[in-house]
Structures are given as C-alpha cells and as structure tokens.
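**Student:** My questions will all concern the structure given below.
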Amino acid sequence: MSQEYVWLITGANRGIGLELVRQLLQAPSNIVVAACRNPSKATELQELAAKASGRLHLVALDVTSKESINRAAEEVAKTLGGKGIDYLVNNAGILPGGQDTAFSMDVNILEETFVTNVVGTAYVTQAFIGLVEKSAKKTIVNISSTLGSIGSDFGVQSASYAVSKAALNMLTYKEAKEKPHITAISMCPGWLQTDMGGKSAPLPVSVGVGGILKTVLSLKPEDSGQFFNFQGERVPW
Ligand code: NDP
C-alpha cells in the first residue's frame, strides 16, 4: 500500500478550501480533515464525504474561537488514532474591508480582519503543531496574498486585508525559524473566482488550487520560511 498523507484544511466548506478538498480526494493516498464553522450545513462536504470511503472527515472549527480550535484539535487527534497531520493548510480568511485605505479604514474592520487572518491562524497552528510534528511531512501552508507583499507594490487599496496578510507572512517566517525541522510557507493562491475573489477574477478556483498543490508537493526543506505563488515562484516580501 502506498504511503498515506493527512491534510487538514481550514475554511473547507467553500471557495479555495472546498476545491482543495475535492482535488486532494482524487488521490487515494490522501486522508483529508475538512474544518469549517458549520459541518451540519456544509452540504458539498457532506456529499464528498459520502463518496470518500472514510478518507474525508468533517470537523467544526471557528478560527476566531480558542474553545472551538481546542475542541477540534482533540477531536482530530482521536479521529486520526495516532497518525499526525502531514499538511496543515491555514486557508480560512476574510476580506471585510474591501478596497479600504490606510487613512480611511475603519479600525474595527482592521481588528476583525486581524483576528481571523492572523490571530486565528497563529492559534490553529499552536493547537495542531503536536499533530503536525508527529507526521512525515510536517508542513504548514499559510494561505496569504500578494496584496500583503510590500515588494509587489499594489498601492493604496485593500489596506486592512493587506496589513493582515503582511503580518501573516511574518508569522510564517517566525514559525519556520523557530522550528527548523518543519516546513512552513506562505502561499498566494492567485486571484480566483470565489466569493472573496469575485466573478471578475481571472482564474477559476480549480487552476489556482491545482497550482497550490503542485507547489506544496514539490517543497524542499530549504523552502521553509518563504513566500510562494500558485505557479511555484517566489513572491517578494
Ligand atoms: P471565500 O470567502 O470564498 O471563503 C472563505 C472561507 O473561510 C470560507 O470557508 C469561510 O467559512 C472561511 N472562514 C472565514 N472566517 C472563518 C472563521 N472565523 N473560522 C473558520 N472559517 C472561516 O474565500 P476564498 O476561498 O477565496 O479564500 C480562501 C483564502 O485564500 C483566504 O485566506 C483568502 O485571503 C486567500 N486568498 C484568496 C484569493 C482569491 O482571489 N480568492 C486571493 C488571495 C488570497 P464560512 O463559509 O463559514 O464563512
């Protein structure tokens, strides 16, 4: 039997997260834990689980609630029965500020964005790191955005979101530096047609997700602490 790999995806009920689950289930060697706020309402995940022969597990996880994260970590540990998590994909994210700017943004929106995109991601990783370290691949993928890249120079717009993703990138760097035996990267999925990306986004979600998986599966230990896009290229910080 070929080696099995366990993936945990947050925000797995729609958009990029759901497509990650779909594509991962196409390889019989993958076991997927799909984390979302409301598994009982996640009909697409339930349909996938019904056909996945036990390879897809749904777990309730709200990244803004420590209680929810801790409960999910306990439940996942039980479900995996001694296995670790090879790939932890911190995908859940929000963009409530739209096109806001540094001098006009509502700081409550900045705070809300930070709590989900940065604090939530940090806490999920703290709660699941024991399971990640038990695995063969020990890989953390923080889904970021080139909007959070100062070097990409996207200008004025989407300030609160960009600030949160820049902070997330630093979190990736710190995680990688503190634990050299793991691989932690930031990943920009591309501008994709999801609820967040909108209908005018240039790429279908399947293309970006295909690129994310190809890039993640070819990571080398020296790639840890770096920022990639879905085409496998380095993104400037
Ligand atoms: P969507 O808005 O389509 O989906 C967001 C997902 O995050 C949903 O599953 C949502 O769950 C979940 N989520 C939001 N808040 C929480 C929370 N508190 N706890 C758990 N889950 C939560 O966005 P995308 O799929 O497009 O984006 C996914 C990631 O990719 C994000 O991190 C985003 O910043 C990033 N990204 C997206 C781009 C794009 O063009 N689409 C471009 C660059 C980066 P629920 O249904 O419960 O709200």
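Residue numbering restarts at 1 for every chain of the structure tokens, chains are lettered A, B, ... in their displayed order, and ligands are numbered from 1 as they appear.
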List all protein, DNA and RNA residues that have an atom no more than 8 Å from any atom of ligand 1, counting only C-alpha atoms and all ligand atoms, and report them as a PyMOL selection string.
**Tutor:** chain A and resi 10-18+35-38+61-65+90-95+116-117+120+142-147+161+165+188-198+201+205
**Student:** Quick check for you: according to DSSP on this backbone, which residues of stretch 83-193 of chain A are classed as strand (DSSP E or B)? Reply as a list in words.
**Tutor:** Tyr87, Leu88, Val89, Asn90, Thr139, Ile140, Val141, Asn142, Ile143, Thr183, Ala184, Ile185, Ser186, Met187, Cys188 and Leu192 of chain A
**Student:** Apply DSSP to the structure's backbone, then extract all residues of stretch 12-118 of chain A labelled alpha helix (DSSP H) and return them as a VMD selection string.
**Tutor:** chain A and resid 15 to 25 43 to 51 66 to 80 107 to 114
**Student:** Counting only C-alpha atoms, which residues of stretch 68-179 of chain A fall within 10 Å of stretch 47-58 of chain A, and what is the closest atom pair for each with its distance in Å at one decimal, ordered by chain and rising number, as a Markdown table?
**Tutor:**
```
| residue | atom | partner | partner_atom | distance |
| --- | --- | --- | --- | --- |
| A:Ala72 | CA | A:Leu58 | CA | 9.9 |
| A:Val76 | CA | A:His57 | CA | 8.6 |
| A:Thr79 | CA | A:His57 | CA | 8.1 |
| A:Leu80 | CA | A:His57 | CA | 9.5 |
```
**Student:** Atoms to include: all heavy atoms. Write the selected residues as a compact mmCIF listing (two decimals), in the first residue's frame.
**Tutor:**
```txt
# COMPACT_ATOMS: atom_id res chain seq x y z
N ALA A 72 -11.61 21.11 18.39
CA ALA A 72 -11.31 20.48 17.09
C ALA A 72 -10.00 19.70 17.17
O ALA A 72 -9.90 18.58 16.64
CB ALA A 72 -11.22 21.56 16.01
N VAL A 76 -9.80 15.81 16.31
CA VAL A 76 -8.98 15.34 15.18
C VAL A 76 -7.95 14.31 15.67
O VAL A 76 -7.72 13.28 15.02
CB VAL A 76 -8.29 16.54 14.47
CG1 VAL A 76 -7.25 16.06 13.46
CG2 VAL A 76 -9.34 17.41 13.79
N THR A 79 -9.78 11.13 15.98
CA THR A 79 -10.15 10.59 14.66
C THR A 79 -8.94 9.96 13.98
O THR A 79 -9.05 8.92 13.33
CB THR A 79 -10.70 11.73 13.77
OG1 THR A 79 -11.80 12.30 14.43
CG2 THR A 79 -11.12 11.23 12.40
N LEU A 80 -7.78 10.61 14.11
CA LEU A 80 -6.60 10.12 13.40
C LEU A 80 -5.95 8.93 14.10
O LEU A 80 -5.10 8.26 13.51
CB LEU A 80 -5.58 11.26 13.21
CG LEU A 80 -6.03 12.40 12.29
CD1 LEU A 80 -4.97 13.48 12.21
CD2 LEU A 80 -6.37 11.88 10.87
```
**Student:** With distances taken over only C-alpha atoms, which residue among A:Val119, A:Val207, A:Val163, A:Ile185 lies nearest A:Gly97?
**Tutor:**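 Counting only C-alpha atoms, the residue closest to A:Gly97 is A:Val163.
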**Student:** Looking at A:Asp153, A:Glu75, A:Asp86, A:Glu175, which one is nearest to A:Glu133, with distances taken over only C-alpha atoms?
**Tutor:** A:Asp86
**Student:** Considering only C-alpha atoms, return as a count of residues only whatever protein or nucleic-acid residues lie within 12 Å of A:Ala27, sequence-local ones (same chain, fewer than 3 positions apart) excluded.
**Tutor:** 17
**Student:** For A:Leu110, which residue out of A:Ile182, A:Ala162, A:Val216, A:Ile129 is the nearest one, using only C-alpha atoms?
**Tutor:**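 Of A:Ile182, A:Ala162, A:Val216, A:Ile129, the one nearest A:Leu110, counting only C-alpha atoms, is A:Ala162.
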**Student:** Name the closest residue to A:His181 among the candidates A:Pro204, A:Gly155, A:Gly98, A:Pro221; distances are taken between atoms, counting only C-alpha atoms.
**Tutor:**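 For A:His181, the nearest of the candidates is A:Pro221.
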**Student:** Just checking: using only C-alpha atoms, which residue out of A:Ser68, A:Asn108, A:Thr183, A:Gln157 ends up closest to A:Ala127?
**Tutor:**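 Checking each candidate against A:Ala127, we get A:Ser68 as the closest.
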**Student:** Could you jot down the atom CA of A:Ser152 to atom CA of A:Gln126 separation for me, Å, one decimal place?
**Tutor:**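 Going from atom CA of A:Ser152 over to atom CA of A:Gln126, I get 29.4 Å.
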**Student:** So that I can check the surroundings of A:Asn229, please list as a list of chain:residue names every protein, DNA and RNA residue that reaches within 6 Å of it, counting only C-alpha atoms and ignoring chain neighbours fewer than 3 positions away.
**Tutor:** A:Met187, A:Cys188, A:Gly232, A:Glu233
**Student:** Rounded to one decimal place, report the atom CA of A:Phe128-atom CA of A:Ile85 distance in Å.
**Tutor:** 8.2 Å
**Student:** Let me make sure I understand: among A:Gln226, A:Asn70, A:Ser40, A:Ser29, which one has the smallest atom-to-atom distance to A:Ala184 if we use only C-alpha atoms?
**Tutor:**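 Closest residue, counting only C-alpha atoms: A:Gln226.
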